[in-house]
Amino acid sequence: MTKQKQNMLRKQVAAFEKAETRNSIFQLINTIAPFFLLWYLAYESLQISYFLTLGIAVIAGGFLIRMFIIFHDCCHGSFFKSKRANKILGMVTGVLTLFPFEQWKHDHSVHHATSSNLDKRGTGDIWLLTVDEYREAGFWKKVAYRLYRNPFVMFVLGPIYVFLFENRFNRKGARKKEKWNTYLTNILIAAAAAALCLLVGWKAFLLVQLPIFMISGTAGVWLFYVQHTFEDSYFEENENWEYVKAAVEGSSYYQLPKLLQWLTGNIGYHHIHHLSPRVPNYKLEQAHENSEELQNVPTITLATSLKSLKFRLWDEDGKKFVGYKAAKRQVQSKNVKVVANPVLRKENKYS
């Protein structure tokens, strides 16, 4: 991709960076109000059938994801024109989604600045090893990595750990403002939970809140995972890494059914979002449709995205994700070539 084309793509997307207060307020109304209504209906349904409660919880979980996207936009300063309004709303929606605003804003900004950069992994992203790194890793590191990448750990235990525990503590090196924001968020979350327990009873609170939390948490982690974990993604070492290519080729266009697209706040247009985080979620589709080049990007669907569950390691030679078996075959193939070729054998001896 030439520099001229990269500049053209950024210019095309820049036209959609301006937030519109009317659209933002309308999205607040059609997201937060329905969530609270659904929460109340789920509580009332406990007297009828818990299966009905779970059905309502699934829908409420979808609205909680949509609320997280609003929080996400506030962290990027893209939901409202006002920096103060973004901060206040980000704080409120952070309490509702269990995320401290300042802490996540920092980590997610690092994620955007380093996404697909092999030399700058570790902040705001999913743990990823290359084939060579995995081959050279010690036994316990391999065990830890396999556990981390296990679907049950990542999509069931992962949300519990991240949302309930990791988000409650400050990162090392956090500034004072960030630390106090985390403390305040924790206090408000505890106060809200205590108030609801007093109002409806702790059993009813858990019966309603836990399924909503698990559904939205699992779906949220899945979205974050699949948007960068697809076969022909983009990863490069720092010297060859390019921001626009990382956005367009290393972030997927997750083509979802319209209802799911709406509930997930258009975050499936992830290539647009990474190209310009300043575009509000309600303008991502417009930005996508405005550019023919941005429509011809790595595209995945609900069906094809399931293939990502087998991807475990990044193959730097093949420039694609592979599973453990494919990585093992690749290493064995390399070893065979070294044994068969005396020149390679000599090089390998002294490498």
# chains A, B, ... in the order shown; residues from 1 in each chain; ligands from 1

$ closest_atom_pairs --of "range 156-251 of chain A" --to "range 259-276 of chain A" --cutoff "6 Å" --atoms "only C-alpha atoms" --output "CSV"
residue,atom,partner,partner_atom,distance
A:Ala247,CA,A:His274,CA,4.9
A:Val248,CA,A:His271,CA,5.0
A:Ser251,CA,A:His271,CA,4.8

$ write_last_selection --atoms "all heavy atoms" --output "compact mmCIF listing (two decimals), in the first residue's frame"
# COMPACT_ATOMS: atom_id res chain seq x y z
N ALA A 247 -4.36 -0.90 10.60
CA ALA A 247 -5.80 -0.64 10.75
C ALA A 247 -6.62 -1.37 9.70
O ALA A 247 -7.61 -2.05 10.01
CB ALA A 247 -6.06 0.87 10.67
N VAL A 248 -6.22 -1.24 8.45
CA VAL A 248 -7.01 -1.76 7.33
C VAL A 248 -6.84 -3.27 7.14
O VAL A 248 -7.80 -3.97 6.82
CB VAL A 248 -6.64 -1.01 6.03
CG1 VAL A 248 -7.38 -1.59 4.84
CG2 VAL A 248 -6.97 0.48 6.18
N SER A 251 -7.21 -5.26 11.18
CA SER A 251 -8.50 -5.17 11.88
C SER A 251 -9.58 -5.61 10.91
O SER A 251 -9.62 -5.16 9.77
CB SER A 251 -8.78 -3.73 12.35
OG SER A 251 -7.72 -3.26 13.16

$ closest_atom_pairs --of "range 235-271 of chain A" --to "range 315-331 of chain A" --cutoff "10 Å" --atoms "only C-alpha atoms" --output "CSV"
residue,atom,partner,partner_atom,distance
A:Phe235,CA,A:Lys319,CA,7.5
A:Glu236,CA,A:Glu316,CA,8.1
A:Glu237,CA,A:Glu316,CA,9.6

$ write_last_selection --atoms "C-alpha atoms" --output "PDB file, in the first residue's frame"
ATOM      1  CA  PHE A 235       1.521  -8.275  12.120  1.00  0.00           C
ATOM      2  CA  GLU A 236       4.951  -6.779  11.598  1.00  0.00           C
ATOM      3  CA  GLU A 237       8.030  -5.911  13.597  1.00  0.00           C
TER       4      GLU A 237
END

$ residues_around --residues "range 181-183 of chain A" --least-positions-apart "4" --cutoff "9 Å" --atoms "only C-alpha atoms" --output "mmCIF file with N, CA and C atoms, in the first residue's frame"
data_model
loop_
_atom_site.group_PDB
_atom_site.id
_atom_site.type_symbol
_atom_site.label_atom_id
_atom_site.label_comp_id
_atom_site.auth_asym_id
_atom_site.auth_seq_id
_atom_site.Cartn_x
_atom_site.Cartn_y
_atom_site.Cartn_z
ATOM 1 N N MET A 91 -17.475 8.104 32.667
ATOM 2 C CA MET A 91 -17.430 7.680 34.063
ATOM 3 C C MET A 91 -18.702 6.911 34.435
ATOM 4 N N PHE A 99 -15.937 -0.809 34.157
ATOM 5 C CA PHE A 99 -14.630 -0.389 33.648
ATOM 6 C C PHE A 99 -14.275 0.996 34.178
ATOM 7 N N PRO A 100 -13.069 1.161 34.789
ATOM 8 C CA PRO A 100 -12.610 2.494 35.196
ATOM 9 C C PRO A 100 -12.221 3.306 33.967
ATOM 10 N N PHE A 101 -12.774 4.480 33.844
ATOM 11 C CA PHE A 101 -12.635 5.290 32.638
ATOM 12 C C PHE A 101 -11.186 5.633 32.306
ATOM 13 N N GLU A 102 -10.465 6.232 33.235
ATOM 14 C CA GLU A 102 -9.115 6.710 32.952
ATOM 15 C C GLU A 102 -8.147 5.562 32.657
ATOM 16 N N GLN A 103 -8.273 4.498 33.419
ATOM 17 C CA GLN A 103 -7.384 3.356 33.220
ATOM 18 C C GLN A 103 -7.584 2.719 31.854
ATOM 19 N N ASN A 167 -9.864 -5.067 36.611
ATOM 20 C CA ASN A 167 -10.309 -3.673 36.488
ATOM 21 C C ASN A 167 -10.393 -2.939 37.826
ATOM 22 N N ARG A 168 -10.326 -3.675 38.917
ATOM 23 C CA ARG A 168 -10.453 -3.057 40.239
ATOM 24 C C ARG A 168 -9.127 -2.511 40.752
ATOM 25 N N PHE A 169 -8.032 -2.833 40.069
ATOM 26 C CA PHE A 169 -6.714 -2.410 40.532
ATOM 27 C C PHE A 169 -6.036 -1.513 39.496
ATOM 28 N N ASN A 170 -5.217 -0.606 39.987
ATOM 29 C CA ASN A 170 -4.486 0.293 39.094
ATOM 30 C C ASN A 170 -3.273 -0.400 38.496
ATOM 31 N N LYS A 176 -1.771 9.902 39.240
ATOM 32 C CA LYS A 176 -2.674 10.135 40.372
ATOM 33 C C LYS A 176 -4.129 10.231 39.929
ATOM 34 N N LYS A 177 -4.375 10.956 38.834
ATOM 35 C CA LYS A 177 -5.745 11.117 38.339
ATOM 36 C C LYS A 177 -6.359 9.778 37.976
ATOM 37 N N ILE A 187 -15.862 2.384 44.226
ATOM 38 C CA ILE A 187 -16.802 2.793 45.280
ATOM 39 C C ILE A 187 -18.222 2.888 44.725
ATOM 40 N N LEU A 188 -18.354 3.487 43.546
ATOM 41 C CA LEU A 188 -19.679 3.651 42.941
ATOM 42 C C LEU A 188 -20.278 2.300 42.530
#

$ residues_around --residues "range 9-26 of chain A" --least-positions-apart "4" --cutoff "8 Å" --atoms "only C-alpha atoms" --output "list in words"
Lys5, Asn30, Ser78, Phe79, Phe80, Lys81, Val244, Ile272, Leu275, Ser276, Arg278, Val279, Pro280, Tyr282, Lys283, Leu284, Gln286, Ala287, Asn290, Ser291, Glu293 and Leu294 of chain A

$ closest_residue --among "A:Gln4, A:Asn281, A:Gln227, A:Ser109" --to "Gln27 in chain A" --atoms "only C-alpha atoms"
A:Asn281

$ residues_around --residues "Gly90 in chain A" --least-positions-apart "4" --cutoff "9 Å" --atoms "only C-alpha atoms" --output "count of residues only"
13

$ residues_around --residues "Lys307 in chain A" --least-positions-apart "6" --cutoff "10 Å" --atoms "only C-alpha atoms" --output "number ranges by chain"
A: 226, 229-231, 300

$ write_last_selection --atoms "N, CA and C atoms" --output "PDB file, in the first residue's frame"
ATOM      1  N   VAL A 226     -11.967 -11.588  17.964  1.00  0.00           N
ATOM      2  CA  VAL A 226     -12.139 -11.915  16.550  1.00  0.00           C
ATOM      3  C   VAL A 226     -11.788 -10.743  15.631  1.00  0.00           C
ATOM      4  N   THR A 229      -8.047 -11.429  15.243  1.00  0.00           N
ATOM      5  CA  THR A 229      -7.602 -12.814  15.092  1.00  0.00           C
ATOM      6  C   THR A 229      -8.340 -13.475  13.943  1.00  0.00           C
ATOM      7  N   PHE A 230      -7.845 -13.263  12.753  1.00  0.00           N
ATOM      8  CA  PHE A 230      -8.376 -13.909  11.558  1.00  0.00           C
ATOM      9  C   PHE A 230      -7.170 -14.308  10.712  1.00  0.00           C
ATOM     10  N   GLU A 231      -7.347 -15.305   9.885  1.00  0.00           N
ATOM     11  CA  GLU A 231      -6.205 -16.006   9.279  1.00  0.00           C
ATOM     12  C   GLU A 231      -5.173 -15.086   8.637  1.00  0.00           C
ATOM     13  N   ILE A 300     -15.088 -10.926   7.627  1.00  0.00           N
ATOM     14  CA  ILE A 300     -15.498 -12.187   8.241  1.00  0.00           C
ATOM     15  C   ILE A 300     -16.985 -12.108   8.592  1.00  0.00           C
TER      16      ILE A 300
END

$ select_by_dssp --residues "range 30-164 of chain A" --states "helix (DSSP H, G or I)" --output "VMD selection string"
chain A and resid 30 to 47 50 to 76 83 to 97 101 to 114 118 to 120 131 to 136 139 to 149 151 to 164

$ atom_distance --atom1 "CA of Leu309 in chain A" --atom2 "CA of Arg146 in chain A"
12.5 Å

$ select_by_dssp --residues "range 7-248 of chain A" --states "strand (DSSP E or B)" --output "PyMOL selection string"
chain A and resi 117+129-130+236

$ atom_distance --atom1 "CA of Val92 in chain A" --atom2 "CA of Ser216 in chain A"
17.5 Å

$ closest_residue --among "A:Tyr254, A:Trp127, A:Phe224, A:Tyr43" --to "Arg312 in chain A" --atoms "only C-alpha atoms"
A:Trp127
